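data_34.pdb (PDB, C-alpha atoms and all ligand atoms) appears below.
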```
MODEL        1
ATOM      1  CA  ALA I   1     101.397  35.204  50.279  1.00  0.00           C
ATOM      2  CA  ALA I   2      98.660  33.982  47.930  1.00  0.00           C
ATOM      3  CA  ASP I   3      98.440  35.362  44.381  1.00  0.00           C
ATOM      4  CA  ILE I   4      96.397  38.532  44.789  1.00  0.00           C
ATOM      5  CA  GLN I   5      94.731  38.207  41.357  1.00  0.00           C
ATOM      6  CA  SER I   6      92.700  35.219  42.532  1.00  0.00           C
ATOM      7  CA  GLU I   7      91.260  37.393  45.312  1.00  0.00           C
ATOM      8  CA  LEU I   8      89.947  40.072  42.941  1.00  0.00           C
ATOM      9  CA  THR I   9      87.117  39.875  40.418  1.00  0.00           C
ATOM     10  CA  GLU I  10      87.711  43.100  38.520  1.00  0.00           C
ATOM     11  CA  ILE I  11      89.914  46.197  38.400  1.00  0.00           C
ATOM     12  CA  LEU I  12      87.596  49.192  38.758  1.00  0.00           C
ATOM     13  CA  VAL I  13      90.037  52.104  38.606  1.00  0.00           C
ATOM     14  CA  THR I  14      93.590  51.769  37.375  1.00  0.00           C
ATOM     15  CA  GLU I  15      96.702  53.398  38.774  1.00  0.00           C
ATOM     16  CA  GLU I  16      96.883  55.530  35.630  1.00  0.00           C
ATOM     17  CA  GLN I  17      93.262  56.703  35.916  1.00  0.00           C
ATOM     18  CA  ILE I  18      93.856  57.615  39.557  1.00  0.00           C
ATOM     19  CA  ARG I  19      96.962  59.621  38.661  1.00  0.00           C
ATOM     20  CA  GLU I  20      95.148  61.609  35.967  1.00  0.00           C
ATOM     21  CA  LYS I  21      92.191  62.311  38.242  1.00  0.00           C
ATOM     22  CA  LEU I  22      94.410  63.467  41.117  1.00  0.00           C
ATOM     23  CA  GLU I  23      96.231  65.867  38.814  1.00  0.00           C
ATOM     24  CA  GLU I  24      92.930  67.265  37.567  1.00  0.00           C
ATOM     25  CA  ILE I  25      91.489  67.743  41.060  1.00  0.00           C
ATOM     26  CA  ALA I  26      94.749  69.226  42.361  1.00  0.00           C
ATOM     27  CA  ALA I  27      94.547  71.882  39.644  1.00  0.00           C
ATOM     28  CA  ARG I  28      90.978  72.730  40.706  1.00  0.00           C
ATOM     29  CA  VAL I  29      91.923  72.843  44.377  1.00  0.00           C
ATOM     30  CA  ALA I  30      94.959  75.043  43.705  1.00  0.00           C
ATOM     31  CA  GLU I  31      92.707  77.512  41.905  1.00  0.00           C
ATOM     32  CA  ASP I  32      89.843  77.370  44.425  1.00  0.00           C
ATOM     33  CA  TYR I  33      92.164  77.912  47.405  1.00  0.00           C
ATOM     34  CA  ALA I  34      94.513  80.498  45.909  1.00  0.00           C
ATOM     35  CA  GLY I  35      95.432  82.999  48.627  1.00  0.00           C
ATOM     36  CA  LYS I  36      93.660  80.982  51.315  1.00  0.00           C
ATOM     37  CA  ASP I  37      95.049  79.292  54.403  1.00  0.00           C
ATOM     38  CA  LEU I  38      94.454  75.685  53.285  1.00  0.00           C
ATOM     39  CA  LEU I  39      94.887  72.680  55.580  1.00  0.00           C
ATOM     40  CA  LEU I  40      94.614  69.145  54.223  1.00  0.00           C
ATOM     41  CA  VAL I  41      93.178  66.664  56.712  1.00  0.00           C
ATOM     42  CA  GLY I  42      93.685  63.020  55.808  1.00  0.00           C
ATOM     43  CA  VAL I  43      91.507  60.343  57.343  1.00  0.00           C
ATOM     44  CA  LEU I  44      93.688  57.461  58.464  1.00  0.00           C
ATOM     45  CA  LYS I  45      94.312  54.908  57.384  1.00  0.00           C
ATOM     46  CA  GLY I  46      92.516  54.621  54.065  1.00  0.00           C
ATOM     47  CA  ALA I  47      93.410  58.102  52.788  1.00  0.00           C
ATOM     48  CA  VAL I  48      97.172  57.671  53.089  1.00  0.00           C
ATOM     49  CA  MET I  49      97.743  56.903  49.404  1.00  0.00           C
ATOM     50  CA  VAL I  50      95.377  59.591  48.131  1.00  0.00           C
ATOM     51  CA  MET I  51      96.926  62.201  50.421  1.00  0.00           C
ATOM     52  CA  ALA I  52     100.480  61.266  49.452  1.00  0.00           C
ATOM     53  CA  ASP I  53      99.839  61.429  45.731  1.00  0.00           C
ATOM     54  CA  PHE I  54      97.272  64.244  45.627  1.00  0.00           C
ATOM     55  CA  SER I  55      99.281  66.617  47.820  1.00  0.00           C
ATOM     56  CA  ARG I  56     102.303  66.260  45.577  1.00  0.00           C
ATOM     57  CA  TYR I  57     100.317  67.552  42.604  1.00  0.00           C
ATOM     58  CA  LEU I  58      99.588  70.814  44.436  1.00  0.00           C
ATOM     59  CA  PRO I  59     101.886  73.603  43.269  1.00  0.00           C
ATOM     60  CA  SER I  60     102.517  75.213  46.642  1.00  0.00           C
ATOM     61  CA  SER I  61     103.397  74.133  50.138  1.00  0.00           C
ATOM     62  CA  VAL I  62     100.335  72.894  52.014  1.00  0.00           C
ATOM     63  CA  PRO I  63     100.257  71.680  55.609  1.00  0.00           C
ATOM     64  CA  MET I  64      98.619  68.341  56.314  1.00  0.00           C
ATOM     65  CA  ASP I  65      97.228  66.795  59.418  1.00  0.00           C
ATOM     66  CA  TRP I  66      95.667  63.433  60.158  1.00  0.00           C
ATOM     67  CA  MET I  67      92.671  62.156  61.979  1.00  0.00           C
ATOM     68  CA  ALA I  68      92.360  58.448  62.668  1.00  0.00           C
ATOM     69  CA  VAL I  69      88.818  57.185  62.844  1.00  0.00           C
ATOM     70  CA  SER I  70      87.454  53.758  62.224  1.00  0.00           C
ATOM     71  CA  SER I  71      83.997  52.328  61.816  1.00  0.00           C
ATOM     72  CA  TYR I  72      84.546  49.129  59.850  1.00  0.00           C
ATOM     73  CA  GLY I  73      86.793  47.052  62.064  1.00  0.00           C
ATOM     74  CA  ALA I  74      87.450  43.728  60.373  1.00  0.00           C
ATOM     75  CA  GLY I  75      84.086  43.398  58.608  1.00  0.00           C
ATOM     76  CA  THR I  76      82.746  44.562  55.241  1.00  0.00           C
ATOM     77  CA  LYS I  77      79.912  46.655  56.724  1.00  0.00           C
ATOM     78  CA  SER I  78      80.141  49.944  58.574  1.00  0.00           C
ATOM     79  CA  SER I  79      79.240  49.577  62.231  1.00  0.00           C
ATOM     80  CA  GLY I  80      77.930  53.142  62.192  1.00  0.00           C
ATOM     81  CA  VAL I  81      79.864  53.747  65.388  1.00  0.00           C
ATOM     82  CA  VAL I  82      82.786  56.003  64.612  1.00  0.00           C
ATOM     83  CA  GLN I  83      85.722  55.958  67.000  1.00  0.00           C
ATOM     84  CA  ILE I  84      88.510  58.548  67.211  1.00  0.00           C
ATOM     85  CA  ARG I  85      91.815  56.712  67.401  1.00  0.00           C
ATOM     86  CA  LYS I  86      93.922  59.830  66.864  1.00  0.00           C
ATOM     87  CA  ASP I  87      92.727  63.418  66.930  1.00  0.00           C
ATOM     88  CA  LEU I  88      94.173  66.323  64.918  1.00  0.00           C
ATOM     89  CA  ASP I  89      97.302  68.118  66.129  1.00  0.00           C
ATOM     90  CA  THR I  90      96.157  71.354  64.471  1.00  0.00           C
ATOM     91  CA  ASP I  91      93.787  74.028  65.724  1.00  0.00           C
ATOM     92  CA  LEU I  92      91.237  74.466  62.907  1.00  0.00           C
ATOM     93  CA  HIS I  93      90.419  78.047  63.856  1.00  0.00           C
ATOM     94  CA  ASP I  94      90.263  80.230  60.689  1.00  0.00           C
ATOM     95  CA  LYS I  95      91.683  77.413  58.549  1.00  0.00           C
ATOM     96  CA  HIS I  96      90.222  76.422  55.216  1.00  0.00           C
ATOM     97  CA  VAL I  97      89.980  72.681  55.764  1.00  0.00           C
ATOM     98  CA  LEU I  98      89.901  70.147  52.954  1.00  0.00           C
ATOM     99  CA  ILE I  99      89.191  66.660  54.244  1.00  0.00           C
ATOM    100  CA  VAL I 100      90.874  64.022  52.086  1.00  0.00           C
ATOM    101  CA  GLU I 101      89.164  60.626  52.023  1.00  0.00           C
ATOM    102  CA  ASP I 102      89.618  57.467  50.007  1.00  0.00           C
ATOM    103  CA  ILE I 103      85.925  56.587  49.841  1.00  0.00           C
ATOM    104  CA  ILE I 104      82.424  57.642  50.787  1.00  0.00           C
ATOM    105  CA  ASP I 105      80.463  54.440  51.256  1.00  0.00           C
ATOM    106  CA  SER I 106      77.479  54.800  53.610  1.00  0.00           C
ATOM    107  CA  GLY I 107      78.632  58.362  54.334  1.00  0.00           C
ATOM    108  CA  LEU I 108      78.525  57.730  58.084  1.00  0.00           C
ATOM    109  CA  THR I 109      82.231  58.389  58.709  1.00  0.00           C
ATOM    110  CA  LEU I 110      82.262  61.724  56.905  1.00  0.00           C
ATOM    111  CA  SER I 111      78.963  63.012  58.204  1.00  0.00           C
ATOM    112  CA  TRP I 112      80.184  62.254  61.718  1.00  0.00           C
ATOM    113  CA  LEU I 113      83.528  63.935  60.993  1.00  0.00           C
ATOM    114  CA  LEU I 114      81.920  67.027  59.456  1.00  0.00           C
ATOM    115  CA  GLU I 115      79.731  67.440  62.498  1.00  0.00           C
ATOM    116  CA  ASN I 116      82.737  66.949  64.768  1.00  0.00           C
ATOM    117  CA  PHE I 117      84.732  69.597  62.868  1.00  0.00           C
ATOM    118  CA  GLU I 118      81.935  72.143  62.724  1.00  0.00           C
ATOM    119  CA  SER I 119      82.438  73.315  66.301  1.00  0.00           C
ATOM    120  CA  ARG I 120      86.184  73.856  65.850  1.00  0.00           C
ATOM    121  CA  GLY I 121      85.959  77.280  64.205  1.00  0.00           C
ATOM    122  CA  ALA I 122      87.241  76.517  60.716  1.00  0.00           C
ATOM    123  CA  ALA I 123      86.781  79.204  58.058  1.00  0.00           C
ATOM    124  CA  SER I 124      85.471  76.555  55.676  1.00  0.00           C
ATOM    125  CA  ILE I 125      85.264  72.772  55.456  1.00  0.00           C
ATOM    126  CA  GLU I 126      85.098  70.840  52.195  1.00  0.00           C
ATOM    127  CA  VAL I 127      85.573  67.213  51.237  1.00  0.00           C
ATOM    128  CA  PHE I 128      87.612  65.487  48.573  1.00  0.00           C
ATOM    129  CA  ALA I 129      86.851  61.781  48.192  1.00  0.00           C
ATOM    130  CA  LEU I 130      88.611  59.735  45.544  1.00  0.00           C
ATOM    131  CA  LEU I 131      85.732  57.239  45.404  1.00  0.00           C
ATOM    132  CA  ARG I 132      82.041  57.419  46.153  1.00  0.00           C
ATOM    133  CA  LYS I 133      79.321  54.756  46.106  1.00  0.00           C
ATOM    134  CA  PRO I 134      76.062  56.612  45.389  1.00  0.00           C
ATOM    135  CA  GLU I 135      73.942  53.455  45.841  1.00  0.00           C
ATOM    136  CA  ALA I 136      75.344  52.785  49.308  1.00  0.00           C
ATOM    137  CA  ALA I 137      74.574  56.211  50.813  1.00  0.00           C
ATOM    138  CA  LYS I 138      72.774  56.108  54.150  1.00  0.00           C
ATOM    139  CA  VAL I 139      73.335  59.794  54.779  1.00  0.00           C
ATOM    140  CA  GLN I 140      73.976  62.573  52.291  1.00  0.00           C
ATOM    141  CA  VAL I 141      77.424  64.150  52.488  1.00  0.00           C
ATOM    142  CA  ASP I 142      78.298  67.345  50.648  1.00  0.00           C
ATOM    143  CA  CYS I 143      81.418  66.429  48.752  1.00  0.00           C
ATOM    144  CA  LYS I 144      82.911  69.168  46.594  1.00  0.00           C
ATOM    145  CA  TYR I 145      85.576  67.063  44.882  1.00  0.00           C
ATOM    146  CA  VAL I 146      84.796  63.484  43.821  1.00  0.00           C
ATOM    147  CA  GLY I 147      87.185  61.313  41.861  1.00  0.00           C
ATOM    148  CA  PHE I 148      85.011  58.414  40.712  1.00  0.00           C
ATOM    149  CA  ASP I 149      81.478  57.223  41.375  1.00  0.00           C
ATOM    150  CA  ILE I 150      81.610  53.447  41.593  1.00  0.00           C
ATOM    151  CA  PRO I 151      79.090  50.599  41.931  1.00  0.00           C
ATOM    152  CA  ASN I 152      78.035  49.241  45.298  1.00  0.00           C
ATOM    153  CA  GLU I 153      80.651  46.504  45.625  1.00  0.00           C
ATOM    154  CA  PHE I 154      83.308  45.891  48.243  1.00  0.00           C
ATOM    155  CA  VAL I 155      86.446  47.494  46.858  1.00  0.00           C
ATOM    156  CA  ILE I 156      90.019  47.321  48.015  1.00  0.00           C
ATOM    157  CA  GLY I 157      93.401  48.727  47.031  1.00  0.00           C
ATOM    158  CA  TYR I 158      95.026  52.160  46.891  1.00  0.00           C
ATOM    159  CA  GLY I 159      94.560  52.564  50.638  1.00  0.00           C
ATOM    160  CA  LEU I 160      91.316  50.627  50.962  1.00  0.00           C
ATOM    161  CA  ASP I 161      91.489  47.463  53.018  1.00  0.00           C
ATOM    162  CA  TYR I 162      89.653  44.348  53.895  1.00  0.00           C
ATOM    163  CA  ALA I 163      90.745  43.373  57.432  1.00  0.00           C
ATOM    164  CA  GLU I 164      93.917  45.487  56.917  1.00  0.00           C
ATOM    165  CA  LYS I 165      94.917  43.661  53.737  1.00  0.00           C
ATOM    166  CA  TYR I 166      95.262  44.963  50.159  1.00  0.00           C
ATOM    167  CA  ARG I 167      95.967  48.622  51.004  1.00  0.00           C
ATOM    168  CA  ASN I 168      99.192  48.503  48.980  1.00  0.00           C
ATOM    169  CA  LEU I 169      97.504  47.362  45.767  1.00  0.00           C
ATOM    170  CA  ARG I 170      98.134  50.013  43.107  1.00  0.00           C
ATOM    171  CA  ASP I 171      94.690  49.863  41.500  1.00  0.00           C
ATOM    172  CA  VAL I 172      91.204  49.906  43.010  1.00  0.00           C
ATOM    173  CA  ALA I 173      89.614  46.473  42.573  1.00  0.00           C
ATOM    174  CA  VAL I 174      86.552  44.492  43.562  1.00  0.00           C
ATOM    175  CA  LEU I 175      87.249  41.926  46.258  1.00  0.00           C
ATOM    176  CA  ALA I 176      86.155  38.428  45.237  1.00  0.00           C
ATOM    177  CA  PRO I 177      83.190  37.364  47.413  1.00  0.00           C
ATOM    178  CA  HIS I 178      84.847  34.036  48.278  1.00  0.00           C
ATOM    179  CA  VAL I 179      87.443  35.992  50.263  1.00  0.00           C
ATOM    180  CA  TYR I 180      84.939  37.368  52.783  1.00  0.00           C
ATOM    181  CA  SER I 181      81.922  35.061  52.653  1.00  0.00           C
TER     182      SER I 181
HETATM  183  C1  LIG L 201      86.714  53.255  55.476  1.00  0.00           C
HETATM  184  C2  LIG L 201      87.105  54.289  54.432  1.00  0.00           C
HETATM  185  C3  LIG L 201      86.343  55.507  54.859  1.00  0.00           C
HETATM  186  C4  LIG L 201      85.069  54.921  55.435  1.00  0.00           C
HETATM  187  C5  LIG L 201      83.944  55.026  54.443  1.00  0.00           C
HETATM  188  O1  LIG L 201      87.490  53.480  56.647  1.00  0.00           O
HETATM  189  O2  LIG L 201      88.492  54.526  54.462  1.00  0.00           O
HETATM  190  O3  LIG L 201      87.026  56.223  55.838  1.00  0.00           O
HETATM  191  O4  LIG L 201      85.346  53.526  55.704  1.00  0.00           O
HETATM  192  O5  LIG L 201      82.817  54.312  54.866  1.00  0.00           O
HETATM  193  P1  LIG L 201      81.447  54.998  55.272  1.00  0.00           P
HETATM  194  O6  LIG L 201      81.128  56.044  54.259  1.00  0.00           O
HETATM  195  O7  LIG L 201      80.456  53.849  55.191  1.00  0.00           O
HETATM  196  O8  LIG L 201      81.556  55.516  56.648  1.00  0.00           O
HETATM  197  P2  LIG L 201      87.595  52.392  57.810  1.00  0.00           P
HETATM  198  O9  LIG L 201      86.576  52.697  58.850  1.00  0.00           O
HETATM  199  O10 LIG L 201      87.548  51.025  57.202  1.00  0.00           O
HETATM  200  O11 LIG L 201      89.019  52.659  58.437  1.00  0.00           O
HETATM  201  P3  LIG L 201      90.408  52.651  57.612  1.00  0.00           P
HETATM  202  O12 LIG L 201      90.448  53.892  56.795  1.00  0.00           O
HETATM  203  O13 LIG L 201      91.457  52.634  58.656  1.00  0.00           O
HETATM  204  O14 LIG L 201      90.397  51.406  56.761  1.00  0.00           O
HETATM  205 MN    MN L 202      88.929  55.254  56.353  1.00  0.00          MN
HETATM  206 MG    MG L 203      88.941  50.043  56.410  1.00  0.00          MG
ENDMDL
END
```

Please go through the file and, once you have read it, give me the structure as C-alpha cells.
Amino acid sequence: AADIQSELTEILVTEEQIREKLEEIAARVAEDYAGKDLLLVGVLKGAVMVMADFSRYLPSSVPMDWMAVSSYGAGTKSSGVVQIRKDLDTDLHDKHVLIVEDIIDSGLTLSWLLENFESRGAASIEVFALLRKPEAAKVQVDCKYVGFDIPNEFVIGYGLDYAEKYRNLRDVAVLAPHVYS
C-alpha cells in the first residue's frame, strides 16, 4: 500500500483530541440520561470507531444497535438519496435514543434518519456527532452533542472513508485533492 501521508494534506483532529472529547461527552451523556432507558444507535459504517470508543467511556451498561445507511457511494458528494442497507433490530418504543454519527456534512443522512425514527415511538431522540461541517449544511439538524466543528473539506480517518479507504486511520485528516480529482 502507498504511504498514507502523501494522500493527506493536514491532520485536523488528533487521536488524543478525539479521546479527550469522547470522555467529556460521555460524562455529559451519563448525567443527562441517568435513570433513563438509553439506547445507542450507531450509523454504519462511519460511526463504528466513535461508537466503540465513546460507549466504553460510559460508566454503565448501555445497549447498542446499528443502522446501515449510505448516501455517498464511492464519490465525495452526498447523492441525497439515502438507502437503508440494514435496519435496526430493536423496537424503539419508549426508548431514549441517542444516534451516534461520525460526521454531519450536508445533514441529509441525519435529517432523513430522524424523520424515519420519529414514527417508531421513541421516548426521545437526540444526536451525537463527532464532527460537523457548518459550512456544508444543506438542511439543519438538531444535534445535542457535537465533538468538533470543522472546515468544509473532504475528511477521512477514524471511521470516515473515501471509497471505503482510510477508515482505520487514527486521526481525522484532510484528503489530498490529487487523490480524488
Ligand atoms: C457519511 C458519514 C455520515 C454521512 C454524512 O456516510 O458517515 O453518515 O455521510 O453526510 P451528510 O451529512 O452529507 O448526509 P456514508 O454515506 O459515506 O456511508 P458510510 O458511513 O458507510 O461511509
Ligand atoms: Mn455514515
Ligand atoms: Mg462514507

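With CA of Leu92 in chain I on one side and CA of Val43 in chain I on the other, the separation reads 15.2 Å.
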
Quick one: contact table of range 79-181 of chain I to range 18-42 of chain I, 7 Å max, nearest atom pair and distance in Å to one decimal per residue, counting only C-alpha atoms, chain and number order, as a tab-separated table?
```
residue	atom	partner	partner_atom	distance
I:Lys95	CA	I:Asp37	CA	5.7
I:His96	CA	I:Leu38	CA	4.7
I:Val97	CA	I:Leu39	CA	4.9
I:Leu98	CA	I:Leu40	CA	5.0
I:Ile99	CA	I:Val41	CA	4.7
I:Val100	CA	I:Gly42	CA	4.8
I:Glu101	CA	I:Gly42	CA	6.4
I:Gly147	CA	I:Lys21	CA	6.3
```

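Nearest-residue note for ligand MN 202 (chain L): choosing from I:Met49, I:Leu88, I:Ala129, I:Ile103, the minimum distance belongs to I:Ile103, counting all atoms listed in the file.
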
TODO: Return as JSON, numbers by chain the residues of protein, DNA or RNA that approach ligand MN 202 (chain L) to within 12 Å, with all atoms listed in the file taken into account.
DONE: {"I": [42, 43, 44, 45, 46, 47, 48, 49, 50, 66, 67, 68, 69, 70, 71, 72, 73, 78, 82, 83, 84, 85, 99, 100, 101, 102, 103, 104, 105, 106, 107, 108, 109, 110, 113, 129, 130, 131, 156, 158, 159, 160, 161, 162, 164, 167]}

Please write the residues picked by the PyMOL selection byres (((chain I and resi 175) around 6) and not hetatm) on this file as an mmCIF file with C-alpha atoms, in the frame of the given file.
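And here is the file that came out, selection32.cif:
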```
data_model
loop_
_atom_site.group_PDB
_atom_site.id
_atom_site.type_symbol
_atom_site.label_atom_id
_atom_site.label_comp_id
_atom_site.auth_asym_id
_atom_site.auth_seq_id
_atom_site.Cartn_x
_atom_site.Cartn_y
_atom_site.Cartn_z
ATOM 1 C CA LEU I 8 89.947 40.072 42.941
ATOM 2 C CA PHE I 154 83.308 45.891 48.243
ATOM 3 C CA VAL I 155 86.446 47.494 46.858
ATOM 4 C CA VAL I 174 86.552 44.492 43.562
ATOM 5 C CA ALA I 176 86.155 38.428 45.237
#
```
